[in-house]
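**Q** I'm passing along protein05.cif; it holds mmCIF, C-alpha atoms.
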data_work
#
loop_
_atom_site.label_atom_id
_atom_site.label_comp_id
_atom_site.auth_asym_id
_atom_site.auth_seq_id
_atom_site.Cartn_x
_atom_site.Cartn_y
_atom_site.Cartn_z
CA MET E 1 -6.08 3.31 36.89
CA LYS E 2 -9.64 1.98 36.82
CA LYS E 3 -10.90 5.08 38.65
CA PHE E 4 -9.22 7.33 36.07
CA LEU E 5 -10.70 5.34 33.18
CA LEU E 6 -14.13 5.53 34.80
CA VAL E 7 -13.76 9.31 35.19
CA VAL E 8 -12.73 9.68 31.53
CA LEU E 9 -15.56 7.46 30.29
CA THR E 10 -18.06 9.25 32.55
CA ALA E 11 -16.84 12.63 31.28
CA VAL E 12 -17.24 11.43 27.69
CA ALA E 13 -20.73 10.11 28.43
CA PHE E 14 -21.81 13.39 30.08
CA SER E 15 -20.32 15.44 27.28
CA LEU E 16 -22.39 13.50 24.77
CA THR E 17 -25.65 14.40 26.52
CA GLY E 18 -25.11 18.10 25.82
CA PHE E 19 -25.14 17.40 22.09
CA ALA E 20 -28.20 15.15 21.83
CA GLN E 21 -28.89 15.88 18.15
CA ASN E 22 -25.26 15.16 17.22
CA GLN E 23 -24.81 12.10 19.45
CA LYS E 24 -24.78 9.72 16.50
CA ASP E 25 -22.11 11.80 14.71
CA LEU E 26 -20.01 12.05 17.87
CA LEU E 27 -20.11 8.31 18.48
CA GLN E 28 -19.25 7.72 14.84
CA GLN E 29 -16.17 9.97 15.16
CA LEU E 30 -15.06 8.03 18.25
CA ARG E 31 -15.34 4.82 16.23
CA ILE E 32 -13.42 6.32 13.31
CA ASP E 33 -10.60 7.46 15.61
CA VAL E 34 -10.26 4.04 17.28
CA VAL E 35 -10.56 2.07 14.04
CA TYR E 36 -7.89 4.13 12.28
CA LEU E 37 -5.44 4.25 15.18
CA ALA E 38 -5.82 0.51 15.84
CA SER E 39 -5.78 -0.49 12.17
CA ASP E 40 -3.25 -2.93 10.74
CA TYR E 41 -2.20 -0.07 8.43
CA LEU E 42 -0.41 1.52 11.42
CA ALA E 43 1.33 -1.76 12.30
CA GLY E 44 0.93 -1.26 16.05
CA ARG E 45 2.38 2.31 16.23
CA GLU E 46 5.74 1.31 17.73
CA SER E 47 7.65 4.32 19.06
CA GLY E 48 10.09 5.90 16.65
CA THR E 49 8.70 4.23 13.53
CA ALA E 50 6.94 5.42 10.39
CA SER E 51 3.66 4.00 11.70
CA GLU E 52 3.96 6.08 14.88
CA ARG E 53 4.50 9.17 12.71
CA LEU E 54 1.37 8.33 10.68
CA ALA E 55 -0.62 8.14 13.92
CA ALA E 56 0.87 11.47 15.07
CA ASP E 57 -0.10 13.09 11.76
CA TYR E 58 -3.65 11.78 12.16
CA ILE E 59 -3.88 13.26 15.66
CA VAL E 60 -2.64 16.62 14.32
CA LYS E 61 -5.34 16.50 11.63
CA ARG E 62 -7.96 15.86 14.32
CA PHE E 63 -6.55 18.64 16.53
CA GLU E 64 -6.83 21.04 13.59
CA GLU E 65 -10.43 19.94 12.89
CA ILE E 66 -11.32 20.48 16.54
CA GLY E 67 -9.76 23.96 16.50
CA LEU E 68 -6.82 23.42 18.84
CA LYS E 69 -3.65 25.44 18.55
CA PRO E 70 -0.17 23.86 18.35
CA ALA E 71 1.71 23.68 21.67
CA GLY E 72 4.85 21.84 20.61
CA SER E 73 8.40 23.02 20.00
CA ASN E 74 8.89 26.18 17.94
CA GLY E 75 5.17 26.64 17.31
CA SER E 76 4.73 23.12 15.91
CA TRP E 77 2.46 20.32 17.05
CA PHE E 78 5.41 18.13 18.04
CA GLN E 79 7.88 17.67 20.85
CA SER E 80 10.57 15.24 19.73
CA PHE E 81 12.56 13.01 22.07
CA ASP E 82 15.44 10.62 21.44
CA PHE E 83 15.63 7.16 22.96
CA THR E 84 17.39 3.85 22.49
CA PHE E 85 15.17 0.99 21.38
CA LYS E 86 16.25 -2.46 22.53
CA PRO E 87 14.00 -5.44 21.82
CA ASN E 88 15.31 -6.89 25.07
CA PRO E 89 15.93 -4.12 27.63
CA ARG E 90 18.16 -6.45 29.68
CA SER E 91 20.44 -7.10 26.73
CA THR E 92 23.97 -5.73 26.71
CA GLU E 93 23.61 -4.90 23.02
CA ALA E 94 23.81 -1.20 22.11
CA GLY E 95 20.26 -0.91 20.74
CA GLU E 96 18.89 1.31 18.01
CA SER E 97 18.72 5.11 18.30
CA ARG E 98 15.23 6.40 17.56
CA THR E 99 13.25 9.61 17.78
CA GLY E 100 9.69 9.66 19.03
CA ARG E 101 7.21 12.52 18.99
CA ASN E 102 4.69 13.83 21.45
CA VAL E 103 1.75 15.67 19.89
CA LEU E 104 0.66 18.77 21.81
CA GLY E 105 -2.30 21.07 21.29
CA TYR E 106 -4.35 23.41 23.44
CA VAL E 107 -7.56 25.39 23.63
CA ASP E 108 -6.85 29.08 24.11
CA ASN E 109 -9.93 30.20 25.98
CA GLY E 110 -8.22 32.83 28.12
CA ALA E 111 -8.99 30.93 31.33
CA GLU E 112 -6.99 31.44 34.51
CA ASN E 113 -6.33 27.70 34.84
CA THR E 114 -5.49 25.02 32.33
CA ILE E 115 -6.69 21.42 32.29
CA ILE E 116 -4.17 19.00 30.83
CA ILE E 117 -5.59 15.91 29.18
CA GLY E 118 -3.13 13.34 27.93
CA ALA E 119 -3.13 10.01 26.17
CA HIS E 120 -0.29 8.05 24.64
CA TYR E 121 -0.78 6.92 21.08
CA ASP E 122 2.20 4.63 20.58
CA HIS E 123 1.92 0.91 21.22
CA LEU E 124 3.84 -2.35 20.90
CA GLY E 125 4.23 -2.51 17.12
CA MET E 126 4.81 -6.15 16.23
CA GLY E 127 5.11 -7.10 19.88
CA VAL E 128 8.83 -7.83 19.81
CA PHE E 129 9.27 -5.71 22.95
CA SER E 130 6.97 -5.83 26.04
CA SER E 131 4.41 -8.21 24.60
CA ARG E 132 3.14 -11.15 26.63
CA SER E 133 2.60 -13.09 23.43
CA THR E 134 4.81 -16.15 23.15
CA GLY E 135 4.06 -16.75 19.47
CA GLU E 136 5.47 -15.24 16.32
CA PRO E 137 5.62 -11.44 16.13
CA ALA E 138 2.28 -10.01 14.99
CA ILE E 139 0.66 -6.59 14.91
CA HIS E 140 -0.39 -5.45 18.37
CA ASN E 141 -3.18 -3.03 17.52
CA GLY E 142 -3.71 -1.45 20.97
CA ALA E 143 -7.41 -0.73 20.44
CA ASP E 144 -8.49 -1.31 24.02
CA ASP E 145 -6.08 1.11 25.64
CA ASN E 146 -3.97 3.48 23.58
CA ALA E 147 -6.30 4.01 20.60
CA SER E 148 -9.45 4.23 22.73
CA GLY E 149 -7.66 6.54 25.17
CA VAL E 150 -6.67 8.87 22.33
CA ALA E 151 -10.24 8.80 20.98
CA ALA E 152 -11.56 9.78 24.44
CA MET E 153 -8.96 12.54 24.71
CA LEU E 154 -9.96 13.86 21.28
CA ARG E 155 -13.63 13.87 22.30
CA LEU E 156 -12.85 15.79 25.48
CA ALA E 157 -10.73 18.27 23.49
CA GLN E 158 -13.64 18.75 21.10
CA TYR E 159 -16.02 19.31 24.00
CA PHE E 160 -13.79 21.93 25.66
CA ALA E 161 -12.94 23.62 22.34
CA SER E 162 -16.66 24.04 21.64
CA GLY E 163 -16.93 26.40 24.64
CA ALA E 164 -19.41 24.17 26.48
CA GLU E 165 -19.61 24.72 30.20
#
For this file, write the structure as structure tokens.
**A**
Amino acid sequence: MKKFLLVVLTAVAFSLTGFAQNQKDLLQQLRIDVVYLASDYLAGRESGTASERLAADYIVKRFEEIGLKPAGSNGSWFQSFDFTFKPNPRSTEAGESRTGRNVLGYVDNGAENTIIIGAHYDHLGMGVFSSRSTGEPAIHNGADDNASGVAAMLRLAQYFASGAE
């Protein structure tokens, strides 16, 4: 995992050098993406919740700004999936049926091969499930993994959509 993160961060760093005059703007956009996705407003982006859908809508907005095309179901940006949410996965309780959404976009540059870059934008919500916190439930912002990973993915998408080689 550390090697992959290093590759992504190195790719982002190299991509920034090609746009020296815009480096400040590019870094600012990275900050904006992380700050919004990790904000308390999104309440931790737990899968299948309204806050996850807000994050997905933000990513769509960024995909559109970058110039990507939708690659989801029926020409949309989304691929929905159903799952059962259980605060305790070992519980015998039935759980809650939820629907999550993947956000998919692509650069149509007519190339023979396609590079797939992914990042997951959901997180732990209030930390009821999968959190190591032993205290009261609280927003788990996910800035240092999910939100920063999405920001890096958006930067790479912007780089490839610009036609840079």
**Q** How would you write, as a list in words, the residues chosen by the PyMOL selection byres ((chain E and resi 79) around 7) on this structure?
**A** Gly72, Ser73, Phe78, Ser80, Phe81, Arg101, Asn102 and Val103 of chain E
**Q** How would the residues just chosen look if you wrote them out with C-alpha atoms as a short mmCIF file (atom, residue, chain, number, x, y, z; two decimals), in the frame of the given file?
**A**
data_model
loop_
_atom_site.label_atom_id
_atom_site.label_comp_id
_atom_site.auth_asym_id
_atom_site.auth_seq_id
_atom_site.Cartn_x
_atom_site.Cartn_y
_atom_site.Cartn_z
CA GLY E 72 4.85 21.84 20.61
CA SER E 73 8.40 23.02 20.00
CA PHE E 78 5.41 18.13 18.04
CA SER E 80 10.57 15.24 19.73
CA PHE E 81 12.56 13.01 22.07
CA ARG E 101 7.21 12.52 18.99
CA ASN E 102 4.69 13.83 21.45
CA VAL E 103 1.75 15.67 19.89
#
**Q** Could you name the residues that touch Gln158 in chain E at 10 Å or less, counting all atoms listed in the file, but leaving out those on the same chain fewer than 6 positions away, as a list of chain:residue names?
**A**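 Final neighbour list, sorted by chain and number: E:Ser15, E:Leu26, E:Arg62, E:Phe63, E:Glu65, E:Ile66, E:Gly67, E:Leu68, E:Val107, E:Ala152, E:Ala164.
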**Q** Just C-alpha atoms for this one: save the residues we selected as a compact mmCIF listing (two decimals), in the coordinates of the input.
**A**
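Final file, result.txt:
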# COMPACT_ATOMS: atom_id res chain seq x y z
CA SER E 15 -20.32 15.44 27.28
CA LEU E 26 -20.01 12.05 17.87
CA ARG E 62 -7.96 15.86 14.32
CA PHE E 63 -6.55 18.64 16.53
CA GLU E 65 -10.43 19.94 12.89
CA ILE E 66 -11.32 20.48 16.54
CA GLY E 67 -9.76 23.96 16.50
CA LEU E 68 -6.82 23.42 18.84
CA VAL E 107 -7.56 25.39 23.63
CA ALA E 152 -11.56 9.78 24.44
CA ALA E 164 -19.41 24.17 26.48
**Q** I'd like the interatomic distance between CA of Ser76 in chain E and CA of Thr99 in chain E, to a tenth of an Å.
**A**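 Rounded to one decimal, the two atoms are 16.1 Å apart.
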**Q** In Å to one decimal, how far is CA of Tyr106 in chain E from CA of Ser162 in chain E?
**A**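 For CA of Ser162 in chain E relative to CA of Tyr106 in chain E, the distance reads 12.5 Å.
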**Q** Translate the PyMOL selection byres ((chain E and resi 47) around 6), as applied to the file shown, into an explicit residue set as a list in words.
**A**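 Selected by the PyMOL selection byres ((chain E and resi 47) around 6) here: Glu46, Gly48, Thr49, Glu52, Gly100 and Asp122 of chain E.
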**Q** Distance CA of Ala71 in chain E-CA of Asp25 in chain E, one decimal place?
**A**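 For CA of Ala71 in chain E relative to CA of Asp25 in chain E, the distance reads 27.5 Å.
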**Q** Counting all atoms listed in the file, which residue out of E:Ala43, E:Ala94, E:Leu104, E:Leu27 sits closest to Asp57 in chain E?
**A**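 Result for the nearest residue to Asp57 in chain E: E:Leu104.
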**Q** Enclose the full set of atoms of range 66-75 of chain E listed in the file within a box whose edges lie along x, y and z, apply 4 Å of padding to each of the six sides, and report centre and edge lengths in Å to one decimal as lines of an AutoDock Vina configuration file.
**A**
center_x = -1.2
center_y = 23.6
center_z = 19.1
size_x = 28.2
size_y = 14.2
size_z = 13.2
**Q** Looking at all atoms listed in the file, which of E:Ser148, E:Ser51, E:Val60, E:Gly105 is the one that sits closest to Asp33 in chain E?
**A**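 When distances to Asp33 in chain E are compared using all atoms listed in the file, the smallest one comes from E:Ser148.
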**Q** Please reconstruct the missing atoms of range 26-45 of chain E (target: N, CA and C atoms) and return them as a JSON list (two decimals), keeping the file's coordinate frame.
**A**
[["chain", "number", "residue", "atom", "x", "y", "z"],
["E", 26, "LEU", "N", -21.10, 12.09, 16.91],
["E", 26, "LEU", "CA", -20.01, 12.05, 17.87],
["E", 26, "LEU", "C", -19.54, 10.63, 18.12],
["E", 27, "LEU", "N", -20.48, 9.72, 18.28],
["E", 27, "LEU", "CA", -20.11, 8.31, 18.48],
["E", 27, "LEU", "C", -19.42, 7.75, 17.24],
["E", 28, "GLN", "N", -19.89, 8.17, 16.08],
["E", 28, "GLN", "CA", -19.25, 7.72, 14.84],
["E", 28, "GLN", "C", -17.81, 8.20, 14.77],
["E", 29, "GLN", "N", -17.54, 9.45, 15.18],
["E", 29, "GLN", "CA", -16.17, 9.97, 15.16],
["E", 29, "GLN", "C", -15.29, 9.20, 16.14],
["E", 30, "LEU", "N", -15.82, 8.85, 17.30],
["E", 30, "LEU", "CA", -15.06, 8.03, 18.25],
["E", 30, "LEU", "C", -14.67, 6.71, 17.60],
["E", 31, "ARG", "N", -15.62, 6.10, 16.92],
["E", 31, "ARG", "CA", -15.34, 4.82, 16.23],
["E", 31, "ARG", "C", -14.26, 5.01, 15.16],
["E", 32, "ILE", "N", -14.38, 6.07, 14.37],
["E", 32, "ILE", "CA", -13.42, 6.32, 13.31],
["E", 32, "ILE", "C", -12.01, 6.47, 13.90],
["E", 33, "ASP", "N", -11.91, 7.24, 14.98],
["E", 33, "ASP", "CA", -10.60, 7.46, 15.61],
["E", 33, "ASP", "C", -10.00, 6.14, 16.08],
["E", 34, "VAL", "N", -10.78, 5.32, 16.76],
["E", 34, "VAL", "CA", -10.26, 4.04, 17.28],
["E", 34, "VAL", "C", -9.91, 3.10, 16.13],
["E", 35, "VAL", "N", -10.80, 3.00, 15.16],
["E", 35, "VAL", "CA", -10.56, 2.07, 14.04],
["E", 35, "VAL", "C", -9.30, 2.45, 13.28],
["E", 36, "TYR", "N", -9.10, 3.74, 13.01],
["E", 36, "TYR", "CA", -7.89, 4.13, 12.28],
["E", 36, "TYR", "C", -6.64, 3.88, 13.12],
["E", 37, "LEU", "N", -6.64, 4.37, 14.35],
["E", 37, "LEU", "CA", -5.44, 4.25, 15.18],
["E", 37, "LEU", "C", -5.08, 2.79, 15.48],
["E", 38, "ALA", "N", -6.08, 1.92, 15.54],
["E", 38, "ALA", "CA", -5.82, 0.51, 15.84],
["E", 38, "ALA", "C", -5.75, -0.36, 14.57],
["E", 39, "SER", "N", -5.76, 0.28, 13.41],
["E", 39, "SER", "CA", -5.78, -0.49, 12.17],
["E", 39, "SER", "C", -4.43, -1.17, 11.90],
["E", 40, "ASP", "N", -4.47, -2.25, 11.16],
["E", 40, "ASP", "CA", -3.25, -2.93, 10.74],
["E", 40, "ASP", "C", -2.36, -2.00, 9.92],
["E", 41, "TYR", "N", -2.96, -1.02, 9.24],
["E", 41, "TYR", "CA", -2.20, -0.07, 8.43],
["E", 41, "TYR", "C", -1.11, 0.63, 9.26],
["E", 42, "LEU", "N", -1.39, 0.85, 10.55],
["E", 42, "LEU", "CA", -0.41, 1.52, 11.42],
["E", 42, "LEU", "C", 0.51, 0.54, 12.13],
["E", 43, "ALA", "N", 0.38, -0.73, 11.84],
["E", 43, "ALA", "CA", 1.33, -1.76, 12.30],
["E", 43, "ALA", "C", 1.67, -1.67, 13.79],
["E", 44, "GLY", "N", 0.72, -1.27, 14.60],
["E", 44, "GLY", "CA", 0.93, -1.26, 16.05],
["E", 44, "GLY", "C", 1.58, 0.00, 16.62],
["E", 45, "ARG", "N", 1.91, 0.99, 15.79],
["E", 45, "ARG", "CA", 2.38, 2.31, 16.23],
["E", 45, "ARG", "C", 3.59, 2.25, 17.16]]
